[in-house]
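Structure file protein.txt; described as compact mmCIF, C-alpha atoms.
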# COMPACT_ATOMS: atom_id res chain seq x y z
CA MET A 1 -15.59 5.78 -38.67
CA ARG A 2 -16.71 7.56 -35.51
CA ILE A 3 -18.93 4.66 -34.58
CA ILE A 4 -16.05 2.18 -34.88
CA THR A 5 -13.77 4.42 -32.78
CA ALA A 6 -16.45 4.84 -30.13
CA ALA A 7 -17.13 1.09 -30.07
CA LEU A 8 -13.41 0.32 -29.66
CA LEU A 9 -13.14 2.85 -26.85
CA LEU A 10 -16.13 1.35 -25.05
CA LEU A 11 -14.70 -2.14 -25.49
CA ALA A 12 -11.34 -1.07 -24.06
CA LEU A 13 -13.03 0.53 -21.06
CA ALA A 14 -15.20 -2.52 -20.46
CA CYS A 15 -12.15 -4.81 -20.49
CA GLN A 16 -10.22 -2.84 -17.89
CA ALA A 17 -9.91 -4.71 -14.63
CA ASP A 18 -11.13 -3.34 -11.35
CA GLN A 19 -8.10 -1.91 -9.57
CA ARG A 20 -9.83 -1.00 -6.32
CA PRO A 21 -8.39 -2.39 -3.08
CA GLN A 22 -9.81 -5.64 -1.77
CA ALA A 23 -10.88 -6.26 1.80
CA ILE A 24 -8.55 -8.14 4.11
CA GLU A 25 -10.07 -11.56 4.80
CA ALA A 26 -9.32 -13.77 7.82
CA HIS A 27 -7.45 -16.30 5.65
CA ASP A 28 -5.25 -13.74 3.83
CA ALA A 29 -1.48 -14.08 4.09
CA CYS A 30 1.22 -11.58 3.18
CA ALA A 31 2.44 -11.98 -0.41
CA SER A 32 5.99 -11.32 0.78
CA CYS A 33 6.54 -13.05 4.14
CA ARG A 34 3.46 -15.35 4.12
CA MET A 35 2.41 -14.34 7.66
CA ALA A 36 -1.27 -13.87 8.41
CA ILE A 37 -2.51 -10.31 8.04
CA SER A 38 -3.60 -9.97 11.65
CA GLN A 39 -3.06 -6.23 12.26
CA PRO A 40 -4.93 -4.43 9.47
CA GLN A 41 -3.76 -0.96 10.53
CA TYR A 42 -0.37 -1.84 8.97
CA ALA A 43 -1.70 -3.57 5.83
CA ALA A 44 -0.88 -2.63 2.25
CA GLN A 45 -1.65 -3.99 -1.17
CA VAL A 46 -0.68 -3.80 -4.82
CA VAL A 47 -3.43 -4.29 -7.40
CA ASP A 48 -2.08 -5.09 -10.85
CA ARG A 49 -3.65 -4.17 -14.18
CA GLU A 50 -5.57 -7.47 -14.27
CA GLY A 51 -7.14 -6.67 -10.89
CA THR A 52 -5.11 -9.23 -8.92
CA ALA A 53 -4.48 -7.98 -5.38
CA TYR A 54 -1.19 -8.74 -3.63
CA LYS A 55 -1.81 -8.18 0.07
CA PHE A 56 0.83 -7.42 2.70
CA ASP A 57 0.86 -7.48 6.51
CA ASP A 58 3.34 -4.59 6.72
CA ILE A 59 4.04 -1.59 4.50
CA GLY A 60 7.70 -2.64 4.61
CA CYS A 61 6.79 -6.02 3.10
CA MET A 62 5.09 -4.26 0.20
CA LEU A 63 8.14 -2.04 -0.34
CA ARG A 64 10.47 -5.05 -0.39
CA TYR A 65 8.14 -6.88 -2.78
CA LEU A 66 8.04 -3.89 -5.13
CA ASN A 67 11.83 -3.79 -5.06
CA ASN A 68 11.92 -7.35 -6.45
CA HIS A 69 8.83 -7.44 -8.73
CA THR A 70 7.66 -5.27 -11.61
CA PHE A 71 4.01 -4.29 -11.92
CA PRO A 72 3.18 -2.12 -14.92
CA GLN A 73 0.02 -0.06 -14.41
CA ARG A 74 -0.35 -1.00 -10.77
CA ARG A 75 -2.18 0.75 -7.95
CA LEU A 76 -0.73 0.89 -4.43
CA TYR A 77 -2.88 1.06 -1.34
CA VAL A 78 -2.12 1.37 2.37
CA MET A 79 -4.42 1.13 5.35
CA ASP A 80 -5.08 4.33 7.28
CA TYR A 81 -3.61 3.70 10.75
CA VAL A 82 -6.42 5.60 12.48
CA ASN A 83 -9.57 4.86 10.46
CA ARG A 84 -8.68 1.44 8.99
CA GLN A 85 -9.75 2.59 5.52
CA TRP A 86 -7.78 2.03 2.31
CA LEU A 87 -5.84 5.01 1.01
CA GLU A 88 -4.06 5.41 -2.29
CA ALA A 89 -0.40 5.19 -1.27
CA GLU A 90 0.52 8.16 -3.48
CA SER A 91 -1.71 10.45 -1.41
CA ALA A 92 -0.98 8.96 2.02
CA VAL A 93 1.36 10.51 4.57
CA PHE A 94 3.75 8.05 6.22
CA VAL A 95 5.35 8.08 9.64
CA ARG A 96 8.55 6.15 10.29
CA SER A 97 9.13 5.50 13.98
CA GLU A 98 10.74 2.97 16.32
CA ALA A 99 7.51 3.26 18.34
CA ILE A 100 5.47 1.70 15.51
CA ARG A 101 5.40 -2.04 16.21
CA SER A 102 4.28 -3.30 12.83
CA PRO A 103 4.27 -7.07 12.16
CA MET A 104 7.65 -7.24 10.39
CA ASN A 105 9.19 -4.31 12.30
CA GLY A 106 8.90 -2.04 9.28
CA GLY A 107 8.25 0.86 11.64
CA LEU A 108 5.84 2.50 9.20
CA ALA A 109 2.25 3.65 9.45
CA ALA A 110 0.10 5.49 6.89
CA PHE A 111 -2.23 8.42 7.56
CA ARG A 112 -4.83 10.18 5.45
CA ASP A 113 -3.20 13.59 5.79
CA GLN A 114 -0.40 15.62 7.35
CA SER A 115 -2.57 16.64 10.30
CA ALA A 116 -3.29 13.03 11.32
CA ALA A 117 0.41 12.12 11.01
CA GLN A 118 1.46 15.11 13.11
CA HIS A 119 -1.15 14.23 15.73
CA PHE A 120 0.35 10.73 15.99
CA LEU A 121 3.84 12.21 16.38
CA LYS A 122 2.74 14.33 19.36
CA ASN A 123 2.92 11.18 21.49
CA SER A 124 5.93 9.45 19.92
CA SER A 125 9.17 10.18 18.15
CA GLY A 126 9.59 9.65 14.43
CA GLN A 127 9.50 11.44 11.14
CA ILE A 128 7.08 12.07 8.32
CA VAL A 129 8.18 10.59 5.00
CA GLY A 130 6.69 10.42 1.54
CA LEU A 131 6.11 7.42 -0.71
CA ALA A 132 8.85 8.55 -3.11
CA GLU A 133 11.43 8.43 -0.32
CA LEU A 134 10.18 5.04 0.87
CA THR A 135 10.25 3.44 -2.57
CA SER A 136 13.70 4.83 -3.37
CA ARG A 137 15.09 3.35 -0.14
CA ALA A 138 13.24 0.02 -0.16
CA PRO A 139 15.59 -2.79 0.92
CA ALA A 140 16.03 -6.04 -0.95
CA ALA A 141 14.55 -9.26 0.41
CA GLY A 142 16.12 -10.32 3.69
CA GLN A 143 17.15 -6.80 4.70
CA GLY A 144 15.47 -4.71 7.36
CA LEU A 145 14.05 -1.23 6.92
CA HIS A 146 16.06 0.40 9.71
Go ahead and express the file in the form of structure tokens.
Amino acid sequence: MRIITAALLLLALACQADQRPQAIEAHDACASCRMAISQPQYAAQVVDREGTAYKFDDIGCMLRYLNNHTFPQRRLYVMDYVNRQWLEAESAVFVRSEAIRSPMNGGLAAFRDQSAAQHFLKNSSGQIVGLAELTSRAPAAGQGLH
């Protein structure tokens, strides 16, 4: 019985899709607005349970997309504004500011920690916000973030 249970567990683990973020390629377009992803410091992506990545040119585009689509067992990623490395959105610190000129005027940038976000705010106005606040206030398609 233990052998069957162990075999089933190994099979389930082997069948799980890779939910790591995918690199932004030159030909990638935003899953929401279809614009080219030309400024990676504002990029975001959703990776579903099958490992399919939905890439976005603006964090705001991802938020709008999530407002209109359901993804069970998904992972959310955002690009670190400073280091251009993928961060898990749940652990990122976000800055909302009129000074952030993201592709779709979402006015959002993600940072690896509170210190990096505060450093950015030394030179511009804005506020630090969390993912929970952003997802609870995500506008429907066709509406702005401001």
**Study point:** Which residue of A:Arg96, A:Ser102, A:Phe120, A:Asp48 approaches A:Thr70 most closely, using only C-alpha atoms
**Key:**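 Once distances to A:Thr70 are computed over only C-alpha atoms, the minimum belongs to A:Asp48.
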Check your understanding: If we count only C-alpha atoms, what is near stretch 22-35 of chain A at a cut-off of 8 Å, once residues fewer than 4 positions away on the same chain are taken out, given as a list in words?
Key ->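 Using only C-alpha atoms, the neighbours found are Pro40, Ala53, Tyr54, Lys55, Phe56, Asp57, Cys61, Met62, Arg64 and Tyr65 of chain A.
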**Study point:** Residue among A:Ser97, A:Arg84, A:Asn105, A:Gln19 lying closest to A:Ile59, counting all atoms listed in the file
**Key:**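 The closest residue to A:Ile59 is A:Asn105.
Rounded to one decimal, atom CA of A:Leu76 and atom CA of A:Arg49 lie 11.4 Å from each other.
For the choices A:His119, A:Arg20, A:Arg112, A:Arg101, the atom-to-atom distance to A:Val47 is smallest for A:Arg20 when using all atoms listed in the file.
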Review point. For A:Val95, which residue out of A:Ala43, A:Leu134, A:Ile37, A:Leu63 is the nearest one, using all atoms listed in the file?
Key: A:Leu134
Point to revise | Nearest candidate to A:Ala36 (options A:Asp58, A:Ser115, A:His69, A:Gly51; using only C-alpha atoms) | key: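 Among the listed residues, the smallest separation from A:Ala36 belongs to A:Asp58.
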Exercise for review: Calculate how many Å separate atom CA of A:Gln85 from atom CA of A:Asn67, rounding to one decimal.
Suggested key: 24.9 Å
Review point. Which one of A:Met79, A:Leu131, A:Leu121, A:Leu66 sits closest to A:Phe94 if you count all atoms listed in the file?
Key: A:Leu131
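For the atom pair formed by atom CA of A:Trp86 and atom CA of A:Val46, the distance is 11.6 Å, given to one decimal.
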Kindly add N, CA and C atoms to the incomplete stretch 44-74 of chain A and provide the output as a compact mmCIF listing (two decimals), in the coordinates of the input.
# COMPACT_ATOMS: atom_id res chain seq x y z
N ALA A 44 -1.09 -3.31 3.53
CA ALA A 44 -0.88 -2.63 2.25
C ALA A 44 -1.23 -3.61 1.15
N GLN A 45 -1.43 -3.10 -0.05
CA GLN A 45 -1.65 -3.99 -1.17
C GLN A 45 -1.31 -3.33 -2.49
N VAL A 46 -0.93 -4.18 -3.43
CA VAL A 46 -0.68 -3.80 -4.82
C VAL A 46 -1.78 -4.47 -5.63
N VAL A 47 -2.44 -3.70 -6.48
CA VAL A 47 -3.43 -4.29 -7.40
C VAL A 47 -2.88 -4.07 -8.80
N ASP A 48 -2.66 -5.19 -9.51
CA ASP A 48 -2.08 -5.09 -10.85
C ASP A 48 -3.15 -4.75 -11.89
N ARG A 49 -2.72 -4.60 -13.13
CA ARG A 49 -3.65 -4.17 -14.18
C ARG A 49 -4.74 -5.18 -14.47
N GLU A 50 -4.54 -6.45 -14.10
CA GLU A 50 -5.57 -7.47 -14.27
C GLU A 50 -6.54 -7.50 -13.09
N GLY A 51 -6.27 -6.72 -12.06
CA GLY A 51 -7.14 -6.67 -10.89
C GLY A 51 -6.73 -7.65 -9.79
N THR A 52 -5.59 -8.31 -9.95
CA THR A 52 -5.11 -9.23 -8.92
C THR A 52 -4.52 -8.41 -7.77
N ALA A 53 -4.97 -8.70 -6.56
CA ALA A 53 -4.48 -7.98 -5.38
C ALA A 53 -3.40 -8.80 -4.68
N TYR A 54 -2.28 -8.16 -4.41
CA TYR A 54 -1.19 -8.74 -3.63
C TYR A 54 -1.23 -8.03 -2.29
N LYS A 55 -1.60 -8.78 -1.24
CA LYS A 55 -1.81 -8.18 0.07
C LYS A 55 -0.59 -8.38 0.96
N PHE A 56 -0.34 -7.40 1.84
CA PHE A 56 0.83 -7.42 2.70
C PHE A 56 0.44 -7.09 4.13
N ASP A 57 1.14 -7.72 5.09
CA ASP A 57 0.86 -7.48 6.51
C ASP A 57 1.58 -6.25 7.04
N ASP A 58 2.50 -5.70 6.27
CA ASP A 58 3.34 -4.59 6.72
C ASP A 58 3.69 -3.76 5.49
N ILE A 59 3.67 -2.45 5.61
CA ILE A 59 4.04 -1.59 4.50
C ILE A 59 5.45 -1.93 4.02
N GLY A 60 6.33 -2.26 4.95
CA GLY A 60 7.70 -2.64 4.61
C GLY A 60 7.74 -3.87 3.73
N CYS A 61 6.85 -4.83 3.95
CA CYS A 61 6.79 -6.02 3.10
C CYS A 61 6.41 -5.63 1.67
N MET A 62 5.47 -4.70 1.54
CA MET A 62 5.09 -4.26 0.20
C MET A 62 6.27 -3.57 -0.48
N LEU A 63 7.00 -2.74 0.25
CA LEU A 63 8.14 -2.04 -0.34
C LEU A 63 9.22 -3.02 -0.80
N ARG A 64 9.49 -4.03 0.01
CA ARG A 64 10.47 -5.05 -0.39
C ARG A 64 9.99 -5.81 -1.62
N TYR A 65 8.71 -6.15 -1.65
CA TYR A 65 8.14 -6.88 -2.78
C TYR A 65 8.25 -6.06 -4.06
N LEU A 66 7.94 -4.77 -3.96
CA LEU A 66 8.04 -3.89 -5.13
C LEU A 66 9.48 -3.76 -5.62
N ASN A 67 10.41 -3.87 -4.71
CA ASN A 67 11.83 -3.79 -5.06
C ASN A 67 12.26 -4.99 -5.90
N ASN A 68 11.54 -6.11 -5.77
CA ASN A 68 11.92 -7.35 -6.45
C ASN A 68 10.94 -7.79 -7.53
N HIS A 69 9.84 -7.06 -7.73
CA HIS A 69 8.83 -7.44 -8.73
C HIS A 69 8.40 -6.19 -9.50
N THR A 70 8.11 -6.37 -10.76
CA THR A 70 7.66 -5.27 -11.61
C THR A 70 6.16 -5.41 -11.86
N PHE A 71 5.45 -4.32 -11.69
CA PHE A 71 4.01 -4.29 -11.92
C PHE A 71 3.67 -3.08 -12.79
N PRO A 72 3.60 -3.25 -14.10
CA PRO A 72 3.18 -2.12 -14.92
C PRO A 72 1.71 -1.80 -14.64
N GLN A 73 1.39 -0.54 -14.62
CA GLN A 73 0.02 -0.06 -14.41
C GLN A 73 -0.59 -0.61 -13.13
N ARG A 74 0.12 -0.51 -12.06
CA ARG A 74 -0.35 -1.00 -10.77
C ARG A 74 -0.89 0.15 -9.93
